[in-house]
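Peer 1: Provided below: final-v4.csv, containing CSV, C-alpha atoms.
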chain,number,residue,atom,x,y,z
D,20,MET,CA,1.1,18.0,-3.6
D,21,THR,CA,-0.8,20.8,-1.7
D,22,SER,CA,-2.7,22.4,-4.6
D,23,THR,CA,-6.3,23.4,-4.2
D,24,GLU,CA,-7.3,20.6,-6.6
D,25,HIS,CA,-5.4,18.0,-4.6
D,26,LEU,CA,-6.9,19.2,-1.3
D,27,GLU,CA,-10.4,19.0,-2.7
D,28,PHE,CA,-9.7,15.6,-4.1
D,29,VAL,CA,-8.4,14.3,-0.8
D,30,SER,CA,-11.4,15.8,0.9
D,31,SER,CA,-13.8,13.9,-1.4
D,32,VAL,CA,-11.9,10.6,-0.8
D,33,ARG,CA,-11.8,11.1,2.9
D,34,ALA,CA,-15.6,11.9,3.0
D,35,LEU,CA,-16.5,8.7,1.2
D,36,LEU,CA,-14.2,6.6,3.4
D,37,ALA,CA,-15.6,8.2,6.5
D,38,LYS,CA,-19.1,7.2,5.4
D,39,HIS,CA,-18.4,3.7,4.1
D,40,ALA,CA,-15.1,2.5,5.6
D,41,GLY,CA,-15.6,2.9,9.3
D,42,ARG,CA,-14.1,0.5,11.8
D,43,ASP,CA,-17.0,-1.9,11.7
D,44,ALA,CA,-16.8,-2.2,7.9
D,45,VAL,CA,-13.1,-2.7,8.0
D,46,ARG,CA,-13.3,-5.4,10.7
D,47,ALA,CA,-16.1,-7.1,8.8
D,48,GLY,CA,-14.0,-7.2,5.7
D,49,MET,CA,-11.1,-8.7,7.6
D,50,ASP,CA,-13.2,-11.9,8.2
D,51,THR,CA,-14.1,-12.4,4.5
D,52,GLU,CA,-12.2,-14.4,2.0
D,53,LEU,CA,-11.4,-11.2,0.0
D,54,GLY,CA,-10.3,-9.3,3.1
D,55,TYR,CA,-12.1,-6.1,2.2
D,56,ASP,CA,-15.6,-4.8,1.4
D,57,GLU,CA,-16.5,-5.2,-2.3
D,58,ALA,CA,-19.1,-2.6,-2.1
D,59,LEU,CA,-16.5,0.0,-0.9
D,60,TRP,CA,-14.2,-0.8,-3.8
D,61,ARG,CA,-17.1,-0.3,-6.3
D,62,LEU,CA,-18.0,3.0,-4.7
D,63,LEU,CA,-14.4,4.2,-4.9
D,64,CYS,CA,-14.2,3.2,-8.5
D,65,GLU,CA,-17.6,4.4,-9.6
D,66,GLN,CA,-17.9,7.7,-7.7
D,67,ILE,CA,-14.3,8.8,-7.6
D,68,GLY,CA,-12.6,6.7,-10.2
D,69,VAL,CA,-9.6,5.8,-8.1
D,70,ALA,CA,-8.5,2.8,-10.2
D,71,ALA,CA,-8.4,4.9,-13.3
D,72,LEU,CA,-6.3,7.8,-12.0
D,73,ALA,CA,-2.8,6.7,-13.3
D,74,ILE,CA,-4.0,4.9,-16.3
D,75,PRO,CA,-3.6,6.8,-19.6
D,76,GLU,CA,-6.8,7.9,-21.4
D,77,GLU,CA,-6.2,5.7,-24.4
D,78,TYR,CA,-6.5,2.7,-22.1
D,79,GLY,CA,-9.7,3.8,-20.4
D,80,GLY,CA,-8.2,5.8,-17.6
D,81,PHE,CA,-8.2,9.4,-16.5
D,82,GLY,CA,-4.6,10.2,-17.5
D,83,ALA,CA,-3.7,11.7,-14.2
D,84,SER,CA,-0.5,10.6,-12.5
D,85,LEU,CA,0.8,8.5,-9.6
D,86,VAL,CA,0.5,11.6,-7.4
D,87,GLU,CA,-3.2,11.3,-7.4
D,88,SER,CA,-3.2,7.6,-6.9
D,89,LEU,CA,-0.8,7.8,-4.0
D,90,LEU,CA,-3.0,10.4,-2.3
D,91,VAL,CA,-5.8,7.8,-2.4
D,92,VAL,CA,-3.4,5.2,-0.9
D,93,SER,CA,-2.6,7.6,1.9
D,94,GLU,CA,-6.2,8.0,2.7
D,95,LEU,CA,-6.8,4.3,2.7
D,96,GLY,CA,-3.9,4.0,5.1
D,97,ARG,CA,-5.9,6.1,7.6
D,98,THR,CA,-8.7,3.5,7.5
D,99,LEU,CA,-6.7,0.2,7.0
D,100,ALA,CA,-9.2,-0.7,4.2
D,101,ALA,CA,-7.4,-3.3,2.1
D,102,VAL,CA,-9.2,-2.7,-1.2
D,103,PRO,CA,-7.0,-3.6,-4.3
D,104,MET,CA,-5.7,-0.1,-4.8
D,105,LEU,CA,-2.0,-0.7,-4.0
D,106,GLY,CA,-1.7,-4.2,-5.4
D,107,SER,CA,-3.8,-3.9,-8.6
D,108,ALA,CA,-4.6,-0.2,-9.5
D,109,VAL,CA,-1.1,1.0,-8.7
D,110,LEU,CA,1.4,-1.8,-8.9
D,111,GLY,CA,-0.4,-4.1,-11.3
D,112,ALA,CA,-1.4,-1.4,-13.7
D,113,GLN,CA,2.1,0.1,-13.6
D,114,ALA,CA,3.7,-3.3,-14.3
D,115,VAL,CA,1.6,-3.6,-17.5
D,116,LEU,CA,2.5,-0.1,-18.6
D,117,LEU,CA,6.2,-0.6,-17.9
D,118,SER,CA,6.2,-3.7,-20.1
D,119,GLY,CA,5.5,-1.5,-23.1
D,120,ASP,CA,3.2,-4.1,-24.4
D,121,VAL,CA,0.4,-2.2,-26.2
D,122,ASP,CA,-1.8,-5.2,-26.8
D,123,ALA,CA,-1.7,-6.1,-23.1
D,124,CYS,CA,-2.5,-2.5,-22.1
D,125,ASN,CA,-5.5,-2.5,-24.5
D,126,ARG,CA,-6.8,-5.8,-23.1
D,127,LEU,CA,-6.2,-5.4,-19.4
D,128,LEU,CA,-6.2,-1.8,-18.4
D,129,PRO,CA,-9.7,-0.6,-19.3
D,130,GLU,CA,-11.2,-3.2,-16.9
D,131,VAL,CA,-8.6,-2.4,-14.3
D,132,ALA,CA,-9.7,1.3,-14.6
D,133,GLU,CA,-13.3,0.3,-14.1
D,134,GLY,CA,-12.4,-1.8,-11.1
D,135,THR,CA,-13.8,-5.0,-12.6
D,136,ARG,CA,-10.5,-6.7,-13.1
D,137,THR,CA,-7.9,-7.2,-10.4
D,138,ILE,CA,-4.3,-7.7,-11.3
D,139,ALA,CA,-1.8,-9.2,-8.8
D,140,VAL,CA,2.0,-8.9,-9.3
D,141,CYS,CA,3.7,-12.2,-8.5
D,142,TRP,CA,7.2,-11.2,-7.6
D,143,ALA,CA,8.9,-12.3,-4.4
D,144,GLY,CA,10.5,-15.6,-3.7
D,145,ARG,CA,10.4,-17.1,-0.2
D,146,ARG,CA,13.4,-14.9,0.8
D,147,GLY,CA,11.8,-11.7,-0.4
D,148,TRP,CA,11.6,-9.4,-3.4
D,149,ASP,CA,15.3,-9.3,-4.3
D,150,GLU,CA,15.0,-12.6,-6.1
D,151,PRO,CA,11.9,-13.6,-8.0
D,152,GLY,CA,10.3,-16.9,-7.0
D,153,VAL,CA,9.2,-17.9,-10.5
D,154,HIS,CA,11.3,-18.6,-13.5
D,155,ALA,CA,10.5,-18.8,-17.2
D,156,ASP,CA,11.6,-21.4,-19.7
D,157,ASN,CA,10.4,-20.9,-23.3
D,158,GLY,CA,7.3,-19.2,-22.1
D,159,THR,CA,6.5,-21.7,-19.4
D,160,LEU,CA,6.4,-20.6,-15.7
D,161,THR,CA,7.6,-22.7,-12.8
D,162,GLY,CA,8.1,-21.7,-9.2
D,163,THR,CA,6.4,-20.2,-6.2
D,164,ALA,CA,5.6,-16.5,-5.8
D,165,SER,CA,5.3,-15.5,-2.1
D,166,TYR,CA,3.6,-12.5,-0.4
D,167,VAL,CA,1.3,-11.7,-3.3
D,168,LEU,CA,-1.0,-8.8,-2.7
D,169,ASP,CA,-4.6,-9.6,-3.9
D,170,GLY,CA,-3.3,-13.0,-4.9
D,171,THR,CA,-6.2,-15.0,-3.5
D,172,HIS,CA,-8.8,-13.4,-5.7
D,173,ALA,CA,-7.0,-11.7,-8.6
D,174,ASP,CA,-8.2,-12.3,-12.2
D,175,THR,CA,-4.8,-11.8,-13.8
D,176,PHE,CA,-1.3,-12.4,-12.7
D,177,ILE,CA,1.7,-10.3,-13.9
D,178,VAL,CA,4.7,-12.5,-13.1
D,179,VAL,CA,8.1,-11.0,-12.5
D,180,THR,CA,10.9,-13.4,-13.6
D,181,PRO,CA,14.6,-12.8,-14.0
D,182,THR,CA,14.1,-12.7,-17.8
D,183,GLY,CA,11.1,-10.4,-17.9
D,184,LEU,CA,7.4,-9.9,-17.2
D,185,PHE,CA,4.7,-12.5,-18.1
D,186,GLU,CA,0.9,-12.4,-18.2
D,187,VAL,CA,-1.3,-15.3,-17.2
D,188,GLU,CA,-4.9,-15.6,-16.3
D,189,ALA,CA,-5.4,-16.8,-12.7
D,190,ALA,CA,-7.7,-19.6,-13.7
D,191,THR,CA,-5.1,-21.2,-16.0
D,192,GLU,CA,-4.4,-24.9,-15.3
D,193,GLY,CA,-1.2,-25.5,-13.3
D,194,ILE,CA,-1.7,-22.6,-10.9
D,195,THR,CA,-2.6,-23.1,-7.2
D,196,ARG,CA,-2.9,-20.3,-4.7
D,197,ARG,CA,-3.5,-20.2,-1.0
D,198,ALA,CA,-3.8,-17.5,1.6
D,199,LEU,CA,-0.7,-17.0,3.9
D,200,PRO,CA,-1.0,-16.5,7.6
D,201,THR,CA,0.1,-12.9,8.4
D,202,MET,CA,0.5,-10.8,11.5
D,203,ASP,CA,-1.6,-8.0,10.0
D,204,PRO,CA,-5.2,-9.2,9.7
D,205,THR,CA,-6.2,-6.2,7.7
D,206,ARG,CA,-4.0,-7.2,4.7
D,207,LYS,CA,-4.2,-10.6,3.0
D,208,LEU,CA,-1.2,-12.0,1.2
D,209,ALA,CA,-1.1,-15.2,-0.9
D,210,GLU,CA,1.3,-17.8,-2.1
D,211,VAL,CA,0.9,-18.7,-5.8
D,212,VAL,CA,2.5,-21.8,-7.2
D,213,PHE,CA,3.1,-22.2,-11.0
D,214,THR,CA,3.7,-25.7,-12.3
D,215,ALA,CA,4.7,-25.6,-16.0
D,216,VAL,CA,2.2,-22.9,-16.8
D,217,ALA,CA,2.0,-21.5,-20.3
D,218,ALA,CA,2.2,-17.7,-20.2
D,219,ARG,CA,2.5,-14.7,-22.5
D,220,ARG,CA,5.6,-12.6,-22.3
D,221,LEU,CA,5.0,-8.8,-22.0
D,222,GLY,CA,7.2,-6.6,-24.0
D,223,ALA,CA,10.9,-7.0,-24.6
D,224,GLY,CA,12.4,-4.4,-22.3
D,225,ASP,CA,15.3,-4.7,-19.9
D,226,PRO,CA,14.0,-6.8,-16.9
D,227,ALA,CA,16.4,-5.2,-14.5
D,228,ALA,CA,15.2,-1.7,-15.4
D,229,VAL,CA,11.6,-2.7,-15.2
D,230,THR,CA,12.0,-4.3,-11.7
D,231,ALA,CA,14.0,-1.3,-10.5
D,232,ARG,CA,11.2,1.0,-11.5
D,233,LEU,CA,8.6,-1.3,-9.9
D,234,HIS,CA,10.6,-1.2,-6.7
D,235,GLU,CA,10.6,2.6,-6.7
D,236,ILE,CA,6.8,2.8,-7.3
D,237,ALA,CA,6.1,0.1,-4.6
D,238,TRP,CA,8.2,1.8,-2.0
D,239,ALA,CA,6.8,5.3,-2.7
D,240,THR,CA,3.3,3.8,-2.5
D,241,VAL,CA,3.9,2.1,0.8
D,242,ALA,CA,5.5,5.3,2.2
D,243,ALA,CA,2.3,7.2,1.3
D,244,GLU,CA,0.2,4.5,3.1
D,245,GLN,CA,2.4,4.8,6.2
D,246,VAL,CA,1.9,8.6,6.3
D,247,GLY,CA,-1.8,8.1,6.3
D,248,ALA,CA,-1.7,5.5,9.0
D,249,ALA,CA,0.6,7.6,11.1
D,250,GLU,CA,-1.7,10.7,10.8
D,251,GLN,CA,-4.7,8.6,11.9
D,252,CYS,CA,-2.7,7.3,14.9
D,253,LEU,CA,-1.8,10.8,16.0
D,254,ASP,CA,-5.4,12.0,15.6
D,255,MET,CA,-6.7,9.1,17.7
D,256,THR,CA,-4.1,9.8,20.4
D,257,VAL,CA,-4.9,13.5,20.6
D,258,GLU,CA,-8.6,12.9,20.8
D,259,TYR,CA,-8.2,10.2,23.5
D,260,THR,CA,-6.0,12.4,25.7
D,261,LYS,CA,-8.6,15.2,25.5
D,262,SER,CA,-11.3,12.9,26.8
D,263,ARG,CA,-9.4,10.6,29.3
D,264,VAL,CA,-9.5,12.2,32.8
D,265,GLN,CA,-7.1,11.3,35.6
D,266,PHE,CA,-6.5,13.2,38.8
D,267,GLY,CA,-9.4,15.5,37.9
D,268,ARG,CA,-7.8,16.6,34.6
D,269,ALA,CA,-7.7,15.5,31.0
D,270,ILE,CA,-4.4,13.7,30.6
D,271,GLY,CA,-3.7,15.7,27.5
D,272,SER,CA,-3.1,18.7,29.7
D,273,PHE,CA,-0.1,17.1,31.4
D,274,GLN,CA,3.1,18.7,30.1
D,275,ALA,CA,4.9,15.4,29.7
D,276,LEU,CA,2.2,14.0,27.4
D,277,LYS,CA,2.1,17.3,25.4
D,278,HIS,CA,5.8,16.9,24.7
D,279,ARG,CA,5.4,13.4,23.5
D,280,MET,CA,2.5,14.3,21.2
D,281,ALA,CA,4.5,17.3,19.9
D,282,ASP,CA,7.3,14.9,19.0
D,283,MET,CA,4.8,12.6,17.2
D,284,TYR,CA,3.6,15.6,15.2
D,285,VAL,CA,7.1,16.7,14.2
D,286,LEU,CA,7.9,13.1,13.2
D,287,LEU,CA,4.7,12.9,11.1
D,288,GLU,CA,5.4,16.2,9.3
D,289,SER,CA,8.9,15.1,8.4
D,290,ALA,CA,7.5,11.8,7.1
D,291,LYS,CA,5.0,13.7,5.0
D,292,SER,CA,7.7,15.7,3.4
D,293,ALA,CA,9.8,12.6,2.6
D,294,SER,CA,6.7,10.8,1.2
D,295,TYR,CA,5.7,13.8,-0.9
D,296,ALA,CA,9.2,14.2,-2.3
D,297,ALA,CA,9.3,10.5,-3.2
D,298,THR,CA,5.9,10.6,-4.8
D,299,ALA,CA,6.7,13.6,-6.9
D,300,ALA,CA,10.0,12.1,-8.0
D,301,VAL,CA,8.6,8.8,-8.9
D,302,ALA,CA,5.6,10.3,-10.8
D,303,ALA,CA,8.0,12.4,-12.8
D,304,ASN,CA,10.5,9.6,-13.2
D,305,SER,CA,13.2,12.1,-12.2
D,306,PRO,CA,16.9,11.3,-11.8
D,307,SER,CA,16.6,11.8,-8.0
D,308,ALA,CA,13.8,9.2,-7.7
D,309,ALA,CA,16.1,6.5,-6.3
D,310,GLU,CA,17.5,8.8,-3.5
D,311,ASP,CA,14.1,10.3,-2.7
D,312,VAL,CA,12.5,6.9,-2.5
D,313,TRP,CA,15.3,5.5,-0.3
D,314,ALA,CA,14.8,8.3,2.2
D,315,ALA,CA,11.0,7.9,2.2
D,316,ARG,CA,11.1,4.2,2.6
D,317,VAL,CA,13.5,4.3,5.6
D,318,HIS,CA,12.1,7.4,7.3
D,319,CYS,CA,8.3,6.7,6.8
D,320,SER,CA,8.8,3.1,8.2
D,321,GLU,CA,10.6,4.4,11.2
D,322,ALA,CA,8.1,7.2,11.7
D,323,LEU,CA,5.0,5.0,11.6
D,324,SER,CA,6.6,2.4,13.9
D,325,THR,CA,7.5,5.1,16.4
D,326,ILE,CA,4.2,7.0,16.3
D,327,VAL,CA,2.1,3.8,16.6
D,328,ALA,CA,4.2,2.7,19.6
D,329,GLU,CA,3.5,6.0,21.3
D,330,THR,CA,-0.2,5.6,20.4
D,331,VAL,CA,-0.3,2.3,22.2
D,332,GLN,CA,1.6,3.8,25.2
D,333,LEU,CA,-0.6,6.9,25.5
D,334,HIS,CA,-3.8,4.9,25.2
D,335,GLY,CA,-2.8,2.7,28.1
D,336,GLY,CA,-4.3,-0.8,28.5
D,337,ILE,CA,-7.2,-0.2,26.2
D,338,ALA,CA,-4.8,-0.1,23.2
D,339,ILE,CA,-4.0,-3.8,23.4
D,340,THR,CA,-7.6,-5.0,23.5
D,341,TRP,CA,-9.1,-6.5,20.4
D,342,GLU,CA,-11.9,-3.9,20.4
D,343,HIS,CA,-9.5,-0.9,19.9
D,344,ASP,CA,-7.9,-0.1,16.6
D,345,ALA,CA,-4.4,0.7,18.0
D,346,HIS,CA,-3.2,-2.9,17.7
D,347,LEU,CA,-4.3,-3.1,14.1
D,348,PHE,CA,-2.2,0.0,13.2
D,349,PHE,CA,0.7,-1.5,15.2
D,350,LYS,CA,0.5,-4.7,13.1
D,351,ARG,CA,0.1,-2.7,9.8
D,352,ALA,CA,3.3,-0.7,10.8
D,353,HIS,CA,5.3,-3.9,11.2
D,354,GLY,CA,3.9,-5.5,8.0
D,355,ASP,CA,4.5,-2.3,5.9
D,356,ALA,CA,8.1,-2.1,7.1
D,357,GLN,CA,8.8,-5.5,5.4
D,358,LEU,CA,6.5,-5.2,2.4
D,359,PHE,CA,8.5,-5.2,-0.9
D,360,GLY,CA,11.7,-5.4,1.0
D,361,THR,CA,14.0,-2.5,1.7
D,362,PRO,CA,16.5,-0.6,-0.4
D,363,HIS,CA,20.1,-1.8,0.1
D,364,ARG,CA,22.0,1.1,-1.4
D,365,PRO,CA,22.9,3.7,1.3
D,366,LEU,CA,21.7,7.3,0.9
D,367,PRO,CA,24.6,9.4,-0.5
D,368,GLN,CA,26.3,11.5,2.2
D,369,PRO,CA,27.0,15.2,1.6
D,370,VAL,CA,30.6,16.1,0.8
Turn the structure described in the file into structure tokens.
Peer 2:
Amino acid sequence: MTSTEHLEFVSSVRALLAKHAGRDAVRAGMDTELGYDEALWRLLCEQIGVAALAIPEEYGGFGASLVESLLVVSELGRTLAAVPMLGSAVLGAQAVLLSGDVDACNRLLPEVAEGTRTIAVCWAGRRGWDEPGVHADNGTLTGTASYVLDGTHADTFIVVTPTGLFEVEAATEGITRRALPTMDPTRKLAEVVFTAVAARRLGAGDPAAVTARLHEIAWATVAAEQVGAAEQCLDMTVEYTKSRVQFGRAIGSFQALKHRMADMYVLLESAKSASYAATAAVAANSPSAAEDVWAARVHCSEALSTIVAETVQLHGGIAITWEHDAHLFFKRAHGDAQLFGTPHRPLPQPV
């Protein structure tokens, strides 16, 4: 995770985002129907190829791994840009690959790799991701999928049902979708209703194994995003305390605040370690993936919530104004802590 190639890759992604995904661009995207800047997504796909990273070469991708994709997700977490990387290029593409359906891979993934097709995974029911909201009966889908990332504008839906994965074009008759009100204005979620919609089954694998793997990928990806957001919060806080003067001194020189920022740094570094371990395990599909992802999901959620709370406190009153970004990170932290649910199996204790 810290190879020279990875560091150079991250530097390239960060430089592009610094130039094209500043706070004004992100806030402008929040007010659009898409929720993000289309031009930014095109640049990321054309100049860096972010959507093609974890897609095999035979399907038009670069044949890299989830490691590189999650490095991009982490950098996006620093900016809060809600381009369809997590929902489509990672989760959507991986759902198609996990289905083992070669025909679907050949049809869908080349355009996903180019960034010209967006896939949304319809998964959760109204009570969360433990129980799918859509059911299949002889190839016909009925039900409601909640909390769908990129659901308002996706071209293709991959629908998770208790009996397997199904593919359906978003423009198919019988599908209605609407944006859901969310606390986090930087990430749009949708509700998609299926009313006797004819769909194509993907593969014939074990549905439980596929959804378990999807959960691991989703949680590891969110953990990577949380680490990026937490790092940006710490950077903002340190920079602010260097410039904010009180009693004739920069407040960052006060020992009490130094200690609090040191605690934030230690928490961030431990979250990075947990996220890196989960990313490596999921990318390699190792036997330890479940335990590593559990640890990352829990620890990174707690770390971001704690760090962003300290960010708000150390910025004082300015942090709760609409003009400052601290409240956006605060809302993202709470949204990410619930996204894709949480693991129920406790982490094994040492003997």
Peer 1: Tell me which of D:Thr240, D:Thr51, D:Ser289, D:Arg197 sits closest to Glu87 of chain D, counting all atoms listed in the file.
Peer 2: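 Using all atoms listed in the file, the shortest distance to Glu87 of chain D belongs to D:Thr240.
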Peer 1: Hey, can you check how far atom CA of Leu323 of chain D sits from atom CA of Thr260 of chain D?
Peer 2: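 Here the two named atoms are 19.4 Å from each other.
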Peer 1: Excluding His346 of chain D and its own-chain neighbours fewer than 6 positions away, which residues fall within 12 Å of it when counting all atoms listed in the file? Please give them as a count of residues only.
Peer 2: 22
Peer 1: Just checking: using all atoms listed in the file, which residue out of D:Ala132, D:Val178, D:Ala139, D:Ala70 ends up closest to Ala209 of chain D?
Peer 2: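 That would be D:Ala139, the residue with the smallest distance to Ala209 of chain D.
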Peer 1: So, counting only C-alpha atoms, which residue among D:Ala356, D:Leu287, D:Ile326, D:Ala44 is closest to Val102 of chain D?
Peer 2: D:Ala44
Peer 1: When you draw a straight line from atom CA of Ser320 of chain D to atom CA of Ala249 of chain D, how long is it in Å?
Peer 2: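 That distance, rounded to one decimal, is 9.8 Å.
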Peer 1: Just checking: using only C-alpha atoms, which residue out of D:Leu253, D:Leu26, D:Ile270, D:Ala231 ends up closest to Val312 of chain D?
Peer 2: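 The closest residue to Val312 of chain D is D:Ala231.
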Peer 1: For atom CA of Arg146 of chain D and atom CA of Gly193 of chain D, determine how far apart the two atoms are, in Å to one decimal place.
Peer 2: 22.9 Å
Peer 1: For segment 211-223 of chain D, please output as a PyMOL selection string all residues within 7 Å (counting all atoms listed in the file; exclusion window: fewer than 4 positions along the same chain).
Peer 2: chain D and resi 118-120+158-165+184-187+193-197
Peer 1: For Glu250 of chain D, which residue among D:Gly271, D:Gly96, D:Gly80, D:Gly54 is the nearest when counting all atoms listed in the file?
Peer 2: D:Gly96
Peer 1: Do you know which residues are at most 10 Å from Ser292 of chain D counting only C-alpha atoms, after dropping those on the same chain fewer than 4 positions away, and could you put them as a PDB file with C-alpha atoms, keeping the file's coordinate frame?
Peer 2:
ATOM      1  CA  MET D  20       1.100  18.000  -3.600  1.00  0.00           C
ATOM      2  CA  VAL D 246       1.900   8.600   6.300  1.00  0.00           C
ATOM      3  CA  LEU D 287       4.700  12.900  11.100  1.00  0.00           C
ATOM      4  CA  GLU D 288       5.400  16.200   9.300  1.00  0.00           C
ATOM      5  CA  ALA D 296       9.200  14.200  -2.300  1.00  0.00           C
ATOM      6  CA  ALA D 297       9.300  10.500  -3.200  1.00  0.00           C
ATOM      7  CA  THR D 298       5.900  10.600  -4.800  1.00  0.00           C
ATOM      8  CA  ALA D 315      11.000   7.900   2.200  1.00  0.00           C
ATOM      9  CA  CYS D 319       8.300   6.700   6.800  1.00  0.00           C
TER      10      CYS D 319
END
Peer 1: For Ala83 of chain D, which of D:Gly111, D:Gly68, D:Pro200, D:Gly48 is the closest residue, counting all atoms listed in the file?
Peer 2: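 Counting all atoms listed in the file, the residue closest to Ala83 of chain D is D:Gly68.
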Peer 1: Could you pull the residues within 7 Å of segment 55-66 of chain D, counting only C-alpha atoms, minus those fewer than 6 positions along the same chain, as a list in words?
Peer 2: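 Non-adjacent residues within range: His39, Val45, Gly48, Met49, Ala100, Ala101, Val102, Glu133 and Gly134 of chain D.
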Peer 1: If we count all atoms listed in the file and set the cut-off at 8 Å, which residues sit around Ser84 of chain D, ignoring sequence neighbours fewer than 6 positions away in its own chain? Please answer as a list in words.
Peer 2: Leu72, Ala73, Ile74 and Ala302 of chain D
